[in-house]
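Asker: Hey, dropping upload_16.cif in here, mmCIF, C-alpha atoms and all ligand atoms:
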data_model
loop_
_atom_site.label_atom_id
_atom_site.label_comp_id
_atom_site.auth_asym_id
_atom_site.auth_seq_id
_atom_site.Cartn_x
_atom_site.Cartn_y
_atom_site.Cartn_z
CA MET A 1 -48.78 129.57 46.33
CA ALA A 2 -45.78 128.26 48.26
CA LYS A 3 -44.70 124.68 47.70
CA LYS A 4 -45.87 122.05 50.17
CA VAL A 5 -42.78 120.65 51.87
CA ILE A 6 -44.39 118.27 54.35
CA GLU A 7 -47.80 116.60 54.19
CA ILE A 8 -49.05 114.43 57.05
CA LYS A 9 -52.41 112.71 56.76
CA GLY A 10 -54.01 110.75 59.57
CA LEU A 11 -50.83 109.86 61.46
CA ASN A 12 -51.33 107.55 64.43
CA TYR A 13 -48.45 106.10 66.41
CA SER A 14 -48.13 103.89 69.47
CA TYR A 15 -44.78 102.91 70.99
CA PRO A 16 -44.46 99.12 71.11
CA ALA A 17 -44.64 99.02 74.90
CA GLY A 18 -46.58 102.19 75.41
CA ALA A 19 -49.83 103.99 74.95
CA GLU A 20 -50.92 105.87 71.85
CA ALA A 21 -48.45 108.75 71.43
CA LEU A 22 -49.94 110.38 68.28
CA LYS A 23 -53.62 110.49 67.31
CA ASN A 24 -54.80 111.39 63.84
CA ILE A 25 -52.25 114.12 63.09
CA ASN A 26 -52.98 116.14 59.94
CA LEU A 27 -50.44 118.81 59.09
CA ASP A 28 -49.24 120.61 55.96
CA ILE A 29 -46.07 122.66 56.09
CA TYR A 30 -45.09 125.01 53.27
CA GLU A 31 -41.73 126.12 51.95
CA GLY A 32 -40.15 128.88 54.00
CA GLU A 33 -42.50 128.48 56.95
CA SER A 34 -41.21 128.46 60.51
CA LEU A 35 -43.51 126.21 62.48
CA ARG A 36 -43.23 125.85 66.21
CA ILE A 37 -44.69 122.82 67.95
CA ILE A 38 -45.54 123.41 71.58
CA GLY A 39 -47.32 121.40 74.23
CA PRO A 40 -46.81 119.93 77.68
CA ASN A 41 -44.29 117.21 78.54
CA GLY A 42 -45.33 113.92 76.97
CA ALA A 43 -47.62 115.62 74.41
CA GLY A 44 -45.92 113.82 71.51
CA LYS A 45 -43.73 116.61 70.11
CA SER A 46 -40.54 114.56 69.82
CA THR A 47 -42.49 111.55 68.56
CA LEU A 48 -43.98 113.67 65.78
CA LEU A 49 -40.60 115.07 64.72
CA LEU A 50 -39.10 111.58 64.56
CA HIS A 51 -41.64 110.72 61.84
CA LEU A 52 -40.48 113.50 59.55
CA ASN A 53 -37.34 111.72 58.42
CA GLY A 54 -38.54 108.18 58.95
CA ILE A 55 -36.86 107.33 62.26
CA LEU A 56 -40.32 106.25 63.43
CA SER A 57 -43.15 105.26 61.17
CA GLY A 58 -46.82 104.83 61.95
CA ASN A 59 -49.67 103.73 59.74
CA SER A 60 -49.95 106.96 57.86
CA HIS A 61 -49.30 108.89 54.75
CA ILE A 62 -46.37 111.31 55.07
CA ARG A 63 -44.75 113.07 52.13
CA VAL A 64 -41.61 115.12 52.48
CA LEU A 65 -40.30 117.18 49.54
CA ASP A 66 -42.49 115.16 47.17
CA LEU A 67 -41.13 111.85 48.44
CA GLU A 68 -43.13 109.29 50.38
CA VAL A 69 -41.47 108.63 53.74
CA GLU A 70 -40.64 104.97 53.20
CA GLU A 71 -37.51 102.84 53.38
CA ARG A 72 -36.29 103.30 49.80
CA ASN A 73 -36.54 107.12 49.97
CA LEU A 74 -34.90 107.58 53.37
CA PRO A 75 -31.34 108.34 52.15
CA ARG A 76 -32.64 111.10 49.86
CA ILE A 77 -34.98 112.48 52.52
CA ARG A 78 -32.27 112.49 55.18
CA SER A 79 -29.85 114.39 52.95
CA LYS A 80 -32.39 117.22 52.71
CA VAL A 81 -34.31 117.04 55.97
CA ALA A 82 -32.02 117.41 58.96
CA LEU A 83 -33.16 116.58 62.45
CA VAL A 84 -31.48 117.63 65.69
CA PHE A 85 -32.51 115.35 68.57
CA GLN A 86 -33.65 116.68 71.92
CA ASP A 87 -30.75 114.86 73.61
CA PRO A 88 -27.33 115.64 72.07
CA ASP A 89 -26.03 112.26 73.24
CA ASP A 90 -28.34 110.72 70.63
CA GLN A 91 -26.74 112.89 67.95
CA LEU A 92 -23.03 112.69 68.66
CA PHE A 93 -21.28 109.37 68.29
CA MET A 94 -17.93 109.96 66.56
CA PRO A 95 -14.54 110.26 68.29
CA THR A 96 -14.07 113.98 67.60
CA VAL A 97 -16.19 117.06 66.98
CA PHE A 98 -14.75 117.27 63.47
CA ASP A 99 -15.87 113.69 62.68
CA ASP A 100 -19.37 114.31 64.01
CA VAL A 101 -19.86 117.50 62.01
CA ALA A 102 -18.23 115.97 58.91
CA PHE A 103 -20.35 112.81 59.08
CA GLY A 104 -23.21 114.12 56.92
CA PRO A 105 -21.07 115.71 54.19
CA VAL A 106 -18.74 112.65 54.07
CA ASN A 107 -21.78 110.47 53.48
CA MET A 108 -22.84 112.74 50.69
CA ASP A 109 -19.55 111.82 48.94
CA LEU A 110 -18.21 115.37 48.89
CA ASP A 111 -14.48 115.88 48.41
CA LYS A 112 -12.21 116.52 51.41
CA GLU A 113 -11.77 120.23 50.80
CA LYS A 114 -15.51 120.82 50.51
CA VAL A 115 -16.10 118.78 53.70
CA ARG A 116 -13.51 120.86 55.61
CA HIS A 117 -15.12 124.04 54.40
CA LEU A 118 -18.64 122.93 55.42
CA VAL A 119 -17.45 121.78 58.85
CA LYS A 120 -15.65 125.06 59.49
CA LYS A 121 -18.66 127.11 58.41
CA ALA A 122 -21.08 125.05 60.56
CA LEU A 123 -18.88 125.28 63.65
CA GLU A 124 -18.44 129.03 63.18
CA ALA A 125 -22.21 129.39 62.92
CA VAL A 126 -22.62 127.93 66.42
CA GLY A 127 -19.49 129.62 67.80
CA MET A 128 -17.64 126.34 68.40
CA GLN A 129 -14.79 126.56 65.88
CA ASP A 130 -12.19 126.05 68.63
CA ALA A 131 -13.63 122.63 69.54
CA LEU A 132 -12.72 121.03 66.19
CA ASN A 133 -10.37 118.38 67.59
CA ARG A 134 -12.04 117.79 70.93
CA SER A 135 -13.99 114.70 71.87
CA SER A 136 -17.74 115.41 71.72
CA HIS A 137 -18.20 113.39 74.90
CA HIS A 138 -15.97 115.70 76.92
CA LEU A 139 -18.03 118.80 76.19
CA SER A 140 -20.60 120.43 78.46
CA PHE A 141 -24.28 119.76 77.72
CA GLY A 142 -24.79 123.20 76.16
CA GLU A 143 -21.65 122.78 74.05
CA LYS A 144 -22.94 119.40 72.88
CA LYS A 145 -26.24 121.04 71.89
CA ARG A 146 -24.34 123.52 69.78
CA ILE A 147 -22.25 120.80 68.11
CA SER A 148 -25.46 118.83 67.43
CA ILE A 149 -26.84 121.82 65.56
CA ALA A 150 -23.56 122.10 63.61
CA THR A 151 -23.85 118.43 62.56
CA VAL A 152 -26.95 119.29 60.56
CA LEU A 153 -25.96 122.76 59.35
CA SER A 154 -22.93 121.17 57.65
CA MET A 155 -25.35 119.26 55.41
CA GLU A 156 -26.92 122.48 54.14
CA PRO A 157 -30.41 120.98 54.50
CA GLU A 158 -33.61 122.24 52.89
CA VAL A 159 -35.65 121.56 56.00
CA LEU A 160 -34.34 122.01 59.51
CA ILE A 161 -36.06 120.17 62.36
CA LEU A 162 -34.97 121.04 65.86
CA ASP A 163 -36.17 119.45 69.09
CA GLU A 164 -35.73 121.81 72.05
CA PRO A 165 -32.76 123.61 70.50
CA SER A 166 -32.35 126.28 73.16
CA SER A 167 -32.52 124.15 76.30
CA ASN A 168 -29.31 124.45 78.37
CA LEU A 169 -27.87 127.23 76.23
CA ASP A 170 -26.43 130.24 78.03
CA PRO A 171 -27.99 133.62 77.12
CA LYS A 172 -25.29 134.49 74.59
CA ALA A 173 -25.43 131.08 72.87
CA ARG A 174 -29.23 131.26 72.85
CA GLN A 175 -29.22 134.69 71.20
CA HIS A 176 -26.63 133.39 68.74
CA LEU A 177 -28.98 130.50 67.90
CA ILE A 178 -31.94 132.84 67.45
CA ASP A 179 -29.93 135.04 65.06
CA LEU A 180 -28.76 131.95 63.18
CA LEU A 181 -32.31 130.60 62.82
CA LYS A 182 -33.55 133.97 61.62
CA ARG A 183 -30.90 133.93 58.91
CA PHE A 184 -31.80 130.37 57.87
CA ARG A 185 -34.48 131.19 55.30
CA LEU A 186 -35.62 127.65 54.51
CA THR A 187 -38.35 125.65 56.19
CA LYS A 188 -37.95 125.17 59.94
CA ILE A 189 -39.87 123.04 62.39
CA ILE A 190 -38.97 123.57 66.00
CA ALA A 191 -40.37 121.85 69.08
CA GLY A 192 -39.91 123.22 72.53
CA HIS A 193 -40.81 125.21 75.57
CA ASP A 194 -38.84 128.42 74.94
CA LEU A 195 -41.81 130.61 74.04
CA GLU A 196 -39.90 133.87 73.69
CA LEU A 197 -37.76 132.19 71.04
CA ILE A 198 -40.90 131.33 69.10
CA LEU A 199 -42.02 134.92 69.05
CA GLU A 200 -38.76 135.96 67.46
CA ILE A 201 -38.58 133.20 64.87
CA CYS A 202 -41.85 131.42 64.13
CA ASP A 203 -44.85 132.74 62.24
CA ARG A 204 -46.98 129.68 62.94
CA VAL A 205 -47.57 127.56 66.02
CA ALA A 206 -49.19 124.15 66.46
CA VAL A 207 -50.25 123.08 69.94
CA LEU A 208 -50.03 119.37 70.65
CA ASP A 209 -51.62 117.75 73.71
CA GLY A 210 -52.28 114.10 74.44
CA GLY A 211 -50.92 113.20 70.98
CA ALA A 212 -53.40 115.40 69.07
CA ILE A 213 -53.13 118.83 67.49
CA VAL A 214 -55.47 121.06 69.45
CA ALA A 215 -54.63 124.41 67.79
CA ASP A 216 -52.72 125.55 64.72
CA GLY A 217 -52.32 129.12 63.54
CA ASP A 218 -50.75 132.54 63.88
CA THR A 219 -48.08 132.67 66.61
CA LYS A 220 -49.24 135.82 68.42
CA ALA A 221 -52.92 134.83 68.29
CA ILE A 222 -52.21 131.45 69.87
CA LEU A 223 -49.59 132.49 72.40
CA SER A 224 -51.69 135.37 73.71
CA ASN A 225 -54.80 133.17 74.14
CA LYS A 226 -54.60 132.74 77.92
CA SER A 227 -57.36 130.16 78.31
CA LEU A 228 -56.01 127.97 75.49
CA MET A 229 -52.47 128.20 76.83
CA GLU A 230 -53.44 127.39 80.42
CA LEU A 231 -55.67 124.53 79.35
CA HIS A 232 -52.59 122.84 77.89
CA ASN A 233 -50.15 123.55 80.76
CA LEU A 234 -48.60 126.45 78.86
CA GLU A 235 -48.13 130.09 79.75
CA VAL A 236 -48.58 133.34 77.84
CA PRO A 237 -45.02 134.65 77.30
CA LEU A 238 -44.09 137.61 79.48
CA SER A 239 -43.52 139.90 76.53
CA LEU A 240 -47.13 139.38 75.37
CA LYS A 241 -48.54 139.79 78.89
CA LEU A 242 -46.91 143.20 79.12
CA LYS A 243 -48.52 144.49 75.95
N1 LIG A 301 -39.39 105.02 73.59
C1 LIG A 301 -40.60 105.14 74.14
N2 LIG A 301 -41.31 104.04 74.52
C2 LIG A 301 -42.55 104.14 75.03
N3 LIG A 301 -43.18 105.30 75.21
C3 LIG A 301 -42.55 106.42 74.86
C4 LIG A 301 -41.23 106.42 74.30
N4 LIG A 301 -40.85 107.69 74.05
C5 LIG A 301 -41.89 108.47 74.43
N5 LIG A 301 -42.92 107.72 74.92
C6 LIG A 301 -44.22 108.20 75.38
O1 LIG A 301 -44.88 108.84 74.29
C7 LIG A 301 -45.52 110.05 74.70
C8 LIG A 301 -44.98 111.22 73.90
O2 LIG A 301 -43.62 111.44 74.21
P1 LIG A 301 -42.73 112.56 73.53
O3 LIG A 301 -41.32 112.30 73.91
O4 LIG A 301 -43.05 112.62 72.08
O5 LIG A 301 -43.27 113.87 74.25
P2 LIG A 301 -42.78 115.38 74.12
O6 LIG A 301 -43.96 116.20 73.77
O7 LIG A 301 -41.61 115.47 73.23
O8 LIG A 301 -42.37 115.72 75.65
P3 LIG A 301 -41.19 116.68 76.25
O9 LIG A 301 -41.77 118.07 76.36
O10 LIG A 301 -40.96 116.09 77.61
O11 LIG A 301 -39.98 116.59 75.37
C9 LIG A 301 -45.28 110.15 76.22
O12 LIG A 301 -46.41 109.63 76.86
C10 LIG A 301 -44.08 109.27 76.44
O13 LIG A 301 -44.11 108.75 77.75
MG MG A 302 -39.64 115.98 73.51
#
Produce C-alpha cells that represent the structure in this file.
Answerer:
Amino acid sequence: MAKKVIEIKGLNYSYPAGAEALKNINLDIYEGESLRIIGPNGAGKSTLLLHLNGILSGNSHIRVLDLEVEERNLPRIRSKVALVFQDPDDQLFMPTVFDDVAFGPVNMDLDKEKVRHLVKKALEAVGMQDALNRSSHHLSFGEKKRISIATVLSMEPEVLILDEPSSNLDPKARQHLIDLLKRFRLTKIIAGHDLELILEICDRVAVLDGGAIVADGDTKAILSNKSLMELHNLEVPLSLKLK
C-alpha cells in the first residue's frame, strides 16, 4: 500500500471578510499520485491548495508527510511541499530571476555551487535559462509563470502543488510543462481548468463546487460524465467527446 502523503479531515474555512470557502473537506492523497482538482470559478480550489503548506489554516486536522500542519512544522513542510501560486506576481519578489529561483535552496543552507547547479537545472526544465539575470518583473505573464515553476523545482520537493500552471502558456511552453510534469514522478496536486492537460498527467480527479468535494475518482470516468461535468459548469474534454 502506498504511503499517505496528505490527510485532510473535516476542513472548513471562511475568509475573515467572506463567506464559507471550504466545507467539510475530507481527502487522502497517496505517494506518487497525480491528483487534479477541478471546479468552477470560486469553487475553493486555490483556497484548498493554500492549506496544504499552512499559508491558510482552518479548524481542521491536516497532516502532510507525517507532520501536522501547524506553526512549528511549517519550515520542514515547506522544504518538501512546494506550492506554485495561481498568480506569478505572488511568487516572484526578488530583484532577479536568479535570486527568485535560488531563494528556496539558499534558505535550505546549501553551498553556492549546489545552489547554482539547482537554479540552472530548474531554469532549463522550464526553458528559461537565458533569463537568469533579468528582472522577474520585466517578464511577460507566461514567462513569469515558467519562472514561478522553476522557483519550486529548484527545491527538489517531494510534493508539487500547482495552481493553474498552464494558464497563459503558449502551446510549446504548455507541452514542455506537460512533459516535465510527466517526468516528475513524485506526488502532484494540480488545480485548474486545462482539462486536456489532466488527461495526459493525472490519474485521479476531485471536483470541487461551492467549497465541497462533489466527486473524487478515476480521471476518465469523471471527465466523461457529461451530466456531472455540466452540473458543475465544466465541459467534457473534446478528446473524450470524440471517442
Ligand atoms: N482573500 C479573500 N477574501 C475573501 N474571500 C475570498 C478571498 N479569496 C477567495 N475568496 C472567496 O473564496 C471562494 C473560493 O475562492 P478560490 O480562489 O479558492 O476559488 P477557485 O476555485 O480557486 O477559483 P478560480 O477558478 O477562479 O481560480 C470564492 O467565493 C472567493 O470569492
Ligand atoms: Mg483559483
Asker: Within 7 Å of (-50.0, 112.4, 71.9) (coordinates as in the file), grab all the protein and nucleic acid residues, counting only C-alpha atoms, and write them out as an MDAnalysis selection string.
Answerer: chainID A and resid 20:23 43:44 209:212
Asker: Which residues are near Asn225 of chain A? Cut-off 12 Å, only C-alpha atoms, ignore same chain within fewer than 2 positions. Put them as a list in words.
Answerer: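 Skipping anything fewer than 2 positions along the chain leaves Val207, Ala215, Gly217, Asp218, Thr219, Lys220, Ala221, Ile222, Leu223, Ser227, Leu228, Met229, Glu230, Leu231, His232, Leu234, Glu235, Val236, Pro237, Leu240 and Lys241 of chain A.
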Asker: Residues of the last selection are to be written out with C-alpha atoms, as a compact mmCIF listing (two decimals), in the coordinates of the input.
Answerer:
# COMPACT_ATOMS: atom_id res chain seq x y z
CA VAL A 207 -50.25 123.08 69.94
CA ALA A 215 -54.63 124.41 67.79
CA GLY A 217 -52.32 129.12 63.54
CA ASP A 218 -50.75 132.54 63.88
CA THR A 219 -48.08 132.67 66.61
CA LYS A 220 -49.24 135.82 68.42
CA ALA A 221 -52.92 134.83 68.29
CA ILE A 222 -52.21 131.45 69.87
CA LEU A 223 -49.59 132.49 72.40
CA SER A 227 -57.36 130.16 78.31
CA LEU A 228 -56.01 127.97 75.49
CA MET A 229 -52.47 128.20 76.83
CA GLU A 230 -53.44 127.39 80.42
CA LEU A 231 -55.67 124.53 79.35
CA HIS A 232 -52.59 122.84 77.89
CA LEU A 234 -48.60 126.45 78.86
CA GLU A 235 -48.13 130.09 79.75
CA VAL A 236 -48.58 133.34 77.84
CA PRO A 237 -45.02 134.65 77.30
CA LEU A 240 -47.13 139.38 75.37
CA LYS A 241 -48.54 139.79 78.89
Asker: All residues within 12 Å of ligand MG 302 (chain A) are required, counting only C-alpha atoms and all ligand atoms; please report them as a VMD selection string.
Answerer: chain A and resid 21 37 to 50 84 to 87 162 to 165 167 190 to 193 208 211
Asker: So that I can check the surroundings of segment 9-18 of chain A, please list as a list in words every protein, DNA and RNA residue that reaches within 7 Å of it, counting all atoms listed in the file and ignoring chain neighbours fewer than 3 positions away.
Answerer: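 Selected residues are Ala21, Leu22, Lys23, Asn24, Ile25, Asn26, Leu27, Gly58, Asn59, Ser60, His61 and Ile62 of chain A.
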Asker: Would you mind exporting C-alpha atoms of the selected residues as a PDB file, in the coordinates of the input?
Answerer:
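part_29.pdb was written with the following content:
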ATOM      1  CA  ALA A  21     -48.450 108.750  71.430  1.00  0.00           C
ATOM      2  CA  LEU A  22     -49.940 110.380  68.280  1.00  0.00           C
ATOM      3  CA  LYS A  23     -53.620 110.490  67.310  1.00  0.00           C
ATOM      4  CA  ASN A  24     -54.800 111.390  63.840  1.00  0.00           C
ATOM      5  CA  ILE A  25     -52.250 114.120  63.090  1.00  0.00           C
ATOM      6  CA  ASN A  26     -52.980 116.140  59.940  1.00  0.00           C
ATOM      7  CA  LEU A  27     -50.440 118.810  59.090  1.00  0.00           C
ATOM      8  CA  GLY A  58     -46.820 104.830  61.950  1.00  0.00           C
ATOM      9  CA  ASN A  59     -49.670 103.730  59.740  1.00  0.00           C
ATOM     10  CA  SER A  60     -49.950 106.960  57.860  1.00  0.00           C
ATOM     11  CA  HIS A  61     -49.300 108.890  54.750  1.00  0.00           C
ATOM     12  CA  ILE A  62     -46.370 111.310  55.070  1.00  0.00           C
TER      13      ILE A  62
END
Asker: Under the rule that only C-alpha atoms are counted, which of A:Leu238, A:Ile161, A:Val101, A:Leu110 is the nearest residue to Glu33 of chain A?
Answerer: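 When distances to Glu33 of chain A are compared using only C-alpha atoms, the smallest one comes from A:Ile161.
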Asker: Using only C-alpha atoms, which of the listed residues (A:Ser135, A:Asn53, A:Gln91, A:Asn107) sits closest to Ile149 of chain A?
Answerer: A:Gln91
Asker: So, with all atoms listed in the file as the atoms that count, which of A:Arg78, A:Gly127, A:Leu180, A:Ala206 lies closest to ligand LIG 301 (chain A)?
Answerer: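 Closest to ligand LIG 301 (chain A), using all atoms listed in the file: A:Ala206.
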Asker: Quick check, in Å to one decimal: how far apart do atom CA of Leu65 of chain A and atom CA of Val152 of chain A lie?
Answerer: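 Those two atoms sit 17.4 Å apart.
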Asker: Taking all atoms of segment 208-226 of chain A that the file lists, what box with edges along x, y and z, padded by 4 Å per side, do you get, with centre and edge lengths in Å to one decimal, as JSON?
Answerer:
{"center_x": -51.8, "center_y": 124.5, "center_z": 70.7, "size_x": 15.4, "size_y": 30.6, "size_z": 22.4}
Asker: Nearest to ligand LIG 301 (chain A) among A:Met94, A:Val106, A:Ile213, A:Ile29, with distances taken over all atoms listed in the file: which residue is it?
Answerer: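 The answer is A:Ile213, which sits nearest to ligand LIG 301 (chain A).
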Asker: So how many Å separate atom CA of Pro157 of chain A and atom CA of Glu113 of chain A, to one decimal?
Answerer: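 Atom CA of Glu113 of chain A lies 19.0 Å from atom CA of Pro157 of chain A.
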Asker: Just the residues within 7 Å of segment 137-148 of chain A, please, counting only C-alpha atoms, with nothing from its chain fewer than 3 positions along; format it as an mmCIF file with C-alpha atoms, keeping the file's coordinate frame.
Answerer:
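Generated output (around-v3.cif):
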data_model
loop_
_atom_site.group_PDB
_atom_site.id
_atom_site.type_symbol
_atom_site.label_atom_id
_atom_site.label_comp_id
_atom_site.auth_asym_id
_atom_site.auth_seq_id
_atom_site.Cartn_x
_atom_site.Cartn_y
_atom_site.Cartn_z
ATOM 1 C CA VAL A 84 -31.480 117.630 65.690
ATOM 2 C CA PRO A 88 -27.330 115.640 72.070
ATOM 3 C CA GLN A 91 -26.740 112.890 67.950
ATOM 4 C CA LEU A 92 -23.030 112.690 68.660
ATOM 5 C CA VAL A 126 -22.620 127.930 66.420
ATOM 6 C CA THR A 151 -23.850 118.430 62.560
ATOM 7 C CA ASN A 168 -29.310 124.450 78.370
ATOM 8 C CA LEU A 169 -27.870 127.230 76.230
#
Asker: Can you work out which one of A:Asp100, A:Asp130, A:Asn233, A:Leu67 has the shortest atom-to-atom distance to ligand LIG 301 (chain A), counting only C-alpha atoms and all ligand atoms?
Answerer: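 The closest residue to ligand LIG 301 (chain A) is A:Asn233.
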Asker: Using only C-alpha atoms, which of A:Leu242, A:Ala131, A:Leu197, A:Ile6 sits nearest Val81 of chain A?
Answerer: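 Residue with the minimum atom-to-atom distance to Val81 of chain A: A:Ile6.
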